[in-house]
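Right, one structure below, let's go through it.
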Amino acid sequence: MTETVLLIGGGGREHAIARALADSDCALYAAAGNRNPGIASLADGFETLETTNPEAVTTYANKVEATLAIVGPEAPLEAGVADALGDAGVYAFGPQQAEARIETDKGFQRRFMDRHDIAGCPDFEEFTDSEAACTYIDEYDGDLVVKPAGLTGGKGVRVIGDQVTPAEAKAYIRDSDHDRLVLEERLVGEEFTVQALVANGDIRVTPAVQDHKRAYEGDEGPNTGGMGSYSDASLELPFMDRDEYLEAVDILQETVDALEGYKGVLYGQFMLTADGPKVVEFNARFGDPEAMNTLPVMETDLLDVLVAARENESLPQLQFQPQATVCKYAVPDGYPTDPEAGAKVQLSPKSASDALLYYASVEEREDGIYTTTSRSFAVVGVADSITDAEAIATEALESAGTEGLRVRWDIGTPDLVQSRLGHMDELRGE
Ligand code: AMP
Ligand code: GLY
């Protein structure tokens, strides 16, 4: 074995990365703040450490003699872990702190798009003064979205006309202590994600995925980190056509060109509007849950991509199985507002039968695996159609039982997929 890969992060996304690397010709070590039993079972070593502490990460990387690193979550990127690994002589597939601002600073992200004239940027303004932001809401002709400029784990955004009234948005601004806010035009349409592997100026894209951020069925309730997601057997999703997917890819390409020297994953969150795809946000990493849709159907060896990136070579073209995927997260009862930890997880990799099981935040005790207060685990069905993939994911959850857990059973069902199509048809006036 010539390569030793250090994986940073311990969630469902990182479990999917670990599984993608497990069959590759490399030794795999992992470092995360929480011990993920799924990753630990695939890795040659697992260290629990503070992943936002660059020194702790580089010390472990040196100890295991890592030749490559891949950073899963955004927080270590924001803390400069990729920079520190680079300084320590370990190539990190993940952007440096400055480039990660495309995710970690939403004000920077919008100004960057504006300055480089990148397509799909909504109308926006940035504020440091809450009263000026409130006046802007009063005077703006249309609905706005309020976004704290910094990272909030996907939970800081308030959409006027959807989640909140203008008065509630203003109260939120006045009550919160965010020092910078972005207010931007509300985009109306269907959301989708396209993740690209990027290095040496190359971008290699993956199939579109639709995540479900709202906590409850029918897209009700507060925003979460993501309750589940689906992808189709083709690059696009049922509510879009190939040209719309390619428009999103063009936006990613323009962004990579403007970023210069970016390496890692560039994740585009798009809103397909009646006028085509617009950018909701960029992330500097794989999506969670979206990585669990994408990596299981990727036939190209992820290690080959990482090695080519480090060697300054052109990235391999990506091949995908023509299969649909449906991912459903099981979260603790009461999540995200009043999560109750401590339920025993009845599903195991063996009992998941045809579905894939990815652990997220769980606690391993002597007599089994228990939930914490964050998302617990995800199951993924892979099949010829979204409907069949959904049935596989549901069957695995139902057979094990979900006591103490909550699942959005509606994700990937024919009704929900059809309602997305209907929504786009309505917006397009068809
Ligand atoms: P973010 O933290 O930027 O991912 O935003 C969280 C969620 O807020 C997104 O997934 C969207 O559902 C919603 N959102 C963010 N920006 C906009 C926008 N400009 N228009 C409509 N919805 C938005
Ligand atoms: N699925 C949303 C995210 O990873 O940010």
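Following the order of the structure tokens, first chain is A, next is B, and so on, with residues numbered from 1 inside each chain and ligands from 1 in the order they appear.
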
Please write out the residues within 8 Å of ligand 1 as an mmCIF file with C-alpha atoms, in the first residue's frame, counting only C-alpha atoms and all ligand atoms.
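Saved file pocket07.cif follows:
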```
data_model
loop_
_atom_site.group_PDB
_atom_site.id
_atom_site.type_symbol
_atom_site.label_atom_id
_atom_site.label_comp_id
_atom_site.auth_asym_id
_atom_site.auth_seq_id
_atom_site.Cartn_x
_atom_site.Cartn_y
_atom_site.Cartn_z
ATOM 1 C CA LYS A 106 -22.058 34.341 2.972
ATOM 2 C CA PRO A 122 -29.729 36.824 -6.477
ATOM 3 C CA LEU A 144 -36.326 38.647 1.281
ATOM 4 C CA VAL A 145 -34.224 35.982 2.955
ATOM 5 C CA VAL A 146 -32.269 36.808 6.111
ATOM 6 C CA LYS A 147 -28.904 35.034 6.398
ATOM 7 C CA LEU A 151 -21.771 29.345 9.683
ATOM 8 C CA THR A 152 -24.984 28.268 11.401
ATOM 9 C CA GLY A 153 -25.202 24.582 10.459
ATOM 10 C CA GLY A 154 -27.979 25.391 7.985
ATOM 11 C CA LYS A 155 -30.234 26.638 10.769
ATOM 12 C CA GLY A 156 -29.708 30.414 10.714
ATOM 13 C CA VAL A 157 -31.628 31.355 7.576
ATOM 14 C CA ARG A 158 -35.150 32.846 7.720
ATOM 15 C CA VAL A 159 -37.218 33.035 4.543
ATOM 16 C CA GLU A 184 -31.220 38.628 -0.403
ATOM 17 C CA GLU A 185 -34.021 38.134 -2.855
ATOM 18 C CA ARG A 186 -36.167 35.109 -2.114
ATOM 19 C CA LEU A 187 -35.773 32.566 -4.897
ATOM 20 C CA VAL A 188 -38.821 30.470 -5.689
ATOM 21 C CA GLU A 191 -33.767 23.176 -4.790
ATOM 22 C CA LYS A 213 -34.046 20.550 5.003
ATOM 23 C CA ASN A 223 -34.727 23.764 9.097
ATOM 24 C CA GLN A 269 -26.941 24.534 -3.776
ATOM 25 C CA MET A 271 -32.804 26.877 -6.831
ATOM 26 C CA VAL A 279 -27.343 29.941 -6.495
ATOM 27 C CA VAL A 280 -28.708 29.495 -2.980
ATOM 28 C CA GLU A 281 -25.214 28.930 -1.610
ATOM 29 C CA PHE A 282 -21.896 27.232 -2.121
#
```

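Contacts with ligand 2 are defined as any residue atom within 8 Å of a ligand atom, using only C-alpha atoms and all ligand atoms; the residues meeting this criterion are A:Gly153, A:Gly154, A:Asp211, A:His212, A:Lys213, A:Gly225, A:Gly226, A:Asn283, A:Arg285, A:Phe286, A:Gly287, A:Asp288, A:Pro289, A:Glu290.
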
Keeping N, CA and C atoms, export the residues of the selection given above as a compact mmCIF listing (two decimals), in the first residue's frame.
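Writing the result to again-v5.txt gives the following:
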```txt
# COMPACT_ATOMS: atom_id res chain seq x y z
N GLY A 153 -24.77 25.97 10.62
CA GLY A 153 -25.20 24.58 10.46
C GLY A 153 -26.51 24.47 9.69
N GLY A 154 -26.76 25.43 8.81
CA GLY A 154 -27.98 25.39 7.99
C GLY A 154 -29.22 25.84 8.73
N ASP A 211 -32.06 17.52 -1.47
CA ASP A 211 -32.08 17.35 -0.01
C ASP A 211 -33.42 17.86 0.53
N HIS A 212 -33.75 17.49 1.74
CA HIS A 212 -34.98 17.97 2.40
C HIS A 212 -34.57 18.55 3.73
N LYS A 213 -34.58 19.89 3.80
CA LYS A 213 -34.05 20.55 5.00
C LYS A 213 -35.06 20.62 6.12
N GLY A 225 -30.11 20.10 9.50
CA GLY A 225 -28.94 19.87 8.65
C GLY A 225 -29.30 19.11 7.38
N GLY A 226 -30.50 18.55 7.31
CA GLY A 226 -30.93 17.75 6.14
C GLY A 226 -31.52 16.44 6.64
N ASN A 283 -21.03 25.39 -0.84
CA ASN A 283 -20.33 24.80 0.29
C ASN A 283 -18.98 24.30 -0.19
N ARG A 285 -17.35 21.55 0.60
CA ARG A 285 -17.24 20.15 1.06
C ARG A 285 -18.39 19.36 0.47
N PHE A 286 -18.36 18.04 0.66
CA PHE A 286 -19.52 17.23 0.27
C PHE A 286 -20.72 17.62 1.13
N GLY A 287 -21.91 17.40 0.61
CA GLY A 287 -23.11 17.61 1.41
C GLY A 287 -23.36 16.43 2.33
N ASP A 288 -24.03 16.72 3.40
CA ASP A 288 -24.50 15.68 4.30
C ASP A 288 -25.99 15.93 4.43
N PRO A 289 -26.85 15.18 3.81
CA PRO A 289 -26.73 13.79 3.34
C PRO A 289 -26.22 13.54 1.91
N GLU A 290 -26.05 14.56 1.08
CA GLU A 290 -25.86 14.27 -0.36
C GLU A 290 -24.70 13.33 -0.67
```

message: Measuring between only C-alpha atoms, which one of A:Asp415, A:Glu403, A:Asp123, A:Asp384 shows the shortest distance to Ala233 of chain A?
response: A:Asp384

Skipping near chain neighbours, those fewer than 4 positions away, what residues fall within 10 Å of Ala66 of chain A using only C-alpha atoms, listed as a PDB file with N, CA and C atoms, in the first residue's frame?
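Okay, this is what ended up in part.pdb:
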```
ATOM      1  N   GLU A   3      -0.424   4.546  -0.225  1.00  0.00           N
ATOM      2  CA  GLU A   3      -1.044   5.760   0.323  1.00  0.00           C
ATOM      3  C   GLU A   3      -1.622   5.505   1.711  1.00  0.00           C
ATOM      4  N   THR A   4      -1.528   6.527   2.540  1.00  0.00           N
ATOM      5  CA  THR A   4      -2.180   6.504   3.844  1.00  0.00           C
ATOM      6  C   THR A   4      -3.065   7.748   3.916  1.00  0.00           C
ATOM      7  N   VAL A   5      -4.361   7.520   3.969  1.00  0.00           N
ATOM      8  CA  VAL A   5      -5.309   8.633   3.923  1.00  0.00           C
ATOM      9  C   VAL A   5      -5.848   8.918   5.318  1.00  0.00           C
ATOM     10  N   LEU A   6      -5.835  10.188   5.666  1.00  0.00           N
ATOM     11  CA  LEU A   6      -6.471  10.621   6.914  1.00  0.00           C
ATOM     12  C   LEU A   6      -7.799  11.290   6.570  1.00  0.00           C
ATOM     13  N   LEU A   7      -8.867  10.747   7.142  1.00  0.00           N
ATOM     14  CA  LEU A   7     -10.209  11.308   6.940  1.00  0.00           C
ATOM     15  C   LEU A   7     -10.578  12.114   8.186  1.00  0.00           C
ATOM     16  N   ALA A  27      -4.184   2.718   3.236  1.00  0.00           N
ATOM     17  CA  ALA A  27      -4.478   2.579   4.661  1.00  0.00           C
ATOM     18  C   ALA A  27      -5.347   3.781   5.023  1.00  0.00           C
ATOM     19  N   LEU A  28      -6.359   3.567   5.858  1.00  0.00           N
ATOM     20  CA  LEU A  28      -7.287   4.648   6.190  1.00  0.00           C
ATOM     21  C   LEU A  28      -7.273   4.910   7.691  1.00  0.00           C
ATOM     22  N   TYR A  29      -7.046   6.168   8.034  1.00  0.00           N
ATOM     23  CA  TYR A  29      -7.131   6.594   9.437  1.00  0.00           C
ATOM     24  C   TYR A  29      -8.171   7.695   9.516  1.00  0.00           C
ATOM     25  N   THR A  58      -2.791  17.914  12.640  1.00  0.00           N
ATOM     26  CA  THR A  58      -1.498  17.652  11.973  1.00  0.00           C
ATOM     27  C   THR A  58      -0.640  16.695  12.799  1.00  0.00           C
ATOM     28  N   TYR A  60      -1.710  14.210  14.581  1.00  0.00           N
ATOM     29  CA  TYR A  60      -2.189  12.849  14.284  1.00  0.00           C
ATOM     30  C   TYR A  60      -1.795  12.436  12.861  1.00  0.00           C
ATOM     31  N   ALA A  61      -1.901  13.387  11.915  1.00  0.00           N
ATOM     32  CA  ALA A  61      -1.524  13.084  10.518  1.00  0.00           C
ATOM     33  C   ALA A  61      -0.065  12.638  10.454  1.00  0.00           C
ATOM     34  N   ASN A  62       0.785  13.327  11.196  1.00  0.00           N
ATOM     35  CA  ASN A  62       2.206  12.955  11.198  1.00  0.00           C
ATOM     36  C   ASN A  62       2.424  11.609  11.864  1.00  0.00           C
ATOM     37  N   LEU A  85      -2.336  21.301   7.375  1.00  0.00           N
ATOM     38  CA  LEU A  85      -1.883  20.012   6.841  1.00  0.00           C
ATOM     39  C   LEU A  85      -0.897  20.250   5.700  1.00  0.00           C
ATOM     40  N   GLY A  89       3.172  19.255   5.205  1.00  0.00           N
ATOM     41  CA  GLY A  89       3.592  18.352   4.122  1.00  0.00           C
ATOM     42  C   GLY A  89       2.584  17.276   3.776  1.00  0.00           C
ATOM     43  N   VAL A  90       1.335  17.445   4.228  1.00  0.00           N
ATOM     44  CA  VAL A  90       0.300  16.461   3.907  1.00  0.00           C
ATOM     45  C   VAL A  90      -0.725  17.126   2.983  1.00  0.00           C
ATOM     46  N   TYR A  91      -0.866  16.606   1.771  1.00  0.00           N
ATOM     47  CA  TYR A  91      -1.823  17.192   0.831  1.00  0.00           C
ATOM     48  C   TYR A  91      -3.245  16.980   1.351  1.00  0.00           C
ATOM     49  N   ALA A  92      -3.974  18.074   1.500  1.00  0.00           N
ATOM     50  CA  ALA A  92      -5.351  17.957   1.983  1.00  0.00           C
ATOM     51  C   ALA A  92      -6.308  18.240   0.839  1.00  0.00           C
TER      52      ALA A  92
END
```

- request: Using DSSP on the backbone coordinates, identify all residues within segment 149-374 of chain A classified as strand (DSSP E or B); present the result as a PyMOL selection string.
  value: chain A and resi 158-160+164+181-185+190-199+202-205+209-211+214-216+220-223+228-231+264-273+276-283+298+320+324-332+344+356-359+362-365+368-371

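Proximity to segment 163-179 of chain A at 9 Å, evaluated using only C-alpha atoms and with sequence-adjacent residues fewer than 5 positions away removed, yields Phe127, Thr128, Asp129, Ser130, Glu131, Ala133, Cys134, Ile137, Asp138, Asp143, Leu144, Val145, Val146, Pro148, Ala149, Gly150, Arg158, Gly221 and Pro222 of chain A.
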
task: Identify which of the residues A:Asn312, A:Asn53, A:Thr300, A:Gln253 lies closest to Asp23 of chain A, counting only C-alpha atoms when measuring atom-to-atom distances.
output: A:Thr300

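In this structure, atom CA of Val265 of chain A sits 29.1 Å away from atom CA of Thr371 of chain A.
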
- prompt: Could you name the residues that touch Gly120 of chain A at 8 Å or less, counting only C-alpha atoms, but leaving out those on the same chain fewer than 5 positions away, as an MDAnalysis selection string?
  reply: chainID A and resid 251 277:279

task: Can you pull out every residue within 9 Å of Arg101 of chain A, counting only C-alpha atoms, but drop anything in the same chain fewer than 6 positions away, and send it as a PyMOL selection string?
output: chain A and resi 78+108-109+283-284

Write a file of the selected residues as a PDB file, in the first residue's frame, keeping N, CA, C and O atoms.
```
ATOM      1  N   GLU A  78     -12.818  26.003   7.998  1.00  0.00           N
ATOM      2  CA  GLU A  78     -12.869  27.386   8.477  1.00  0.00           C
ATOM      3  C   GLU A  78     -11.727  27.660   9.466  1.00  0.00           C
ATOM      4  O   GLU A  78     -11.185  28.760   9.540  1.00  0.00           O
ATOM      5  N   PHE A 108     -19.068  37.336   1.774  1.00  0.00           N
ATOM      6  CA  PHE A 108     -17.967  37.145   0.826  1.00  0.00           C
ATOM      7  C   PHE A 108     -18.484  36.418  -0.409  1.00  0.00           C
ATOM      8  O   PHE A 108     -18.193  36.788  -1.547  1.00  0.00           O
ATOM      9  N   GLN A 109     -19.278  35.339  -0.160  1.00  0.00           N
ATOM     10  CA  GLN A 109     -19.780  34.512  -1.260  1.00  0.00           C
ATOM     11  C   GLN A 109     -20.558  35.344  -2.286  1.00  0.00           C
ATOM     12  O   GLN A 109     -20.318  35.247  -3.482  1.00  0.00           O
ATOM     13  N   ASN A 283     -21.026  25.394  -0.838  1.00  0.00           N
ATOM     14  CA  ASN A 283     -20.330  24.802   0.294  1.00  0.00           C
ATOM     15  C   ASN A 283     -18.977  24.301  -0.186  1.00  0.00           C
ATOM     16  O   ASN A 283     -18.805  24.004  -1.370  1.00  0.00           O
ATOM     17  N   ALA A 284     -18.059  24.189   0.751  1.00  0.00           N
ATOM     18  CA  ALA A 284     -16.673  23.866   0.406  1.00  0.00           C
ATOM     19  C   ALA A 284     -16.350  22.406   0.697  1.00  0.00           C
ATOM     20  O   ALA A 284     -15.202  22.072   0.988  1.00  0.00           O
TER      21      ALA A 284
END
```

Cut-off 6 Å: closest segment 204-290 of chain A/segment 314-336 of chain A atom pairs per residue, using only C-alpha atoms, as JSON lines:
```
{"residue": "A:Met227", "atom": "CA", "partner": "A:Tyr329", "partner_atom": "CA", "distance": 5.3}
{"residue": "A:Gly228", "atom": "CA", "partner": "A:Lys328", "partner_atom": "CA", "distance": 4.4}
{"residue": "A:Ser229", "atom": "CA", "partner": "A:Cys327", "partner_atom": "CA", "distance": 5.1}
{"residue": "A:Tyr230", "atom": "CA", "partner": "A:Val326", "partner_atom": "CA", "distance": 4.3}
{"residue": "A:Ser231", "atom": "CA", "partner": "A:Thr325", "partner_atom": "CA", "distance": 5.2}
{"residue": "A:Asp232", "atom": "CA", "partner": "A:Ala324", "partner_atom": "CA", "distance": 4.1}
{"residue": "A:Ala233", "atom": "CA", "partner": "A:Gln323", "partner_atom": "CA", "distance": 4.1}
```

- request: Write out as a ChimeraX atom specification which residues come within 7 Å of Thr373 of chain A when counting only C-alpha atoms, dropping same-chain ones fewer than 3 positions away.
  value: /A:332,339-341

Using all heavy atoms, can you export the residues from the last selection as a compact mmCIF listing (two decimals), in the first residue's frame?
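Result went into out39.txt, see below:
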```txt
# COMPACT_ATOMS: atom_id res chain seq x y z
N PRO A 332 -33.24 11.71 16.43
CA PRO A 332 -33.90 11.45 17.71
C PRO A 332 -35.26 12.15 17.78
O PRO A 332 -35.43 13.22 17.18
CB PRO A 332 -32.93 12.03 18.75
CG PRO A 332 -31.93 12.82 18.01
CD PRO A 332 -31.96 12.42 16.58
N PRO A 339 -34.39 17.57 21.14
CA PRO A 339 -34.03 16.17 20.88
C PRO A 339 -33.82 15.38 22.16
O PRO A 339 -33.26 15.88 23.13
CB PRO A 339 -32.70 16.29 20.11
CG PRO A 339 -32.15 17.62 20.45
CD PRO A 339 -33.32 18.52 20.75
N GLU A 340 -34.34 14.14 22.14
CA GLU A 340 -34.16 13.24 23.29
C GLU A 340 -33.18 12.15 22.91
O GLU A 340 -33.45 11.33 22.04
CB GLU A 340 -35.49 12.58 23.63
CG GLU A 340 -36.45 13.52 24.35
CD GLU A 340 -37.84 12.90 24.42
OE1 GLU A 340 -37.94 11.69 24.71
OE2 GLU A 340 -38.80 13.64 24.15
N ALA A 341 -32.05 12.14 23.59
CA ALA A 341 -31.01 11.15 23.30
C ALA A 341 -31.31 9.85 24.04
O ALA A 341 -32.22 9.79 24.86
CB ALA A 341 -29.66 11.70 23.73
```

Sel. of alpha helix (DSSP H) residues, segment 270-381 of chain A, as JSON, numbers by chain: {"A": [290, 291, 292, 293, 294, 302, 303, 304, 305, 306, 307, 308, 309, 310]}

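Atom CA of Thr294 of chain A is positioned 19.0 Å from atom CA of Glu244 of chain A.
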
- request: For atom CA of Asp250 of chain A and atom CA of Cys121 of chain A, quote the distance in Å rounded to one decimal.
  value: 13.2 Å

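Among the candidates A:Ala291, A:Leu252, A:Leu259, A:Leu237, the one nearest to Ala119 of chain A when counting only C-alpha atoms is A:Leu252.
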
message: My list of candidates is A:Ala309, A:Ala396, A:Ile8, A:Leu181. Which is closest to Ala352 of chain A when distances are computed with only C-alpha atoms?
response: A:Ala396
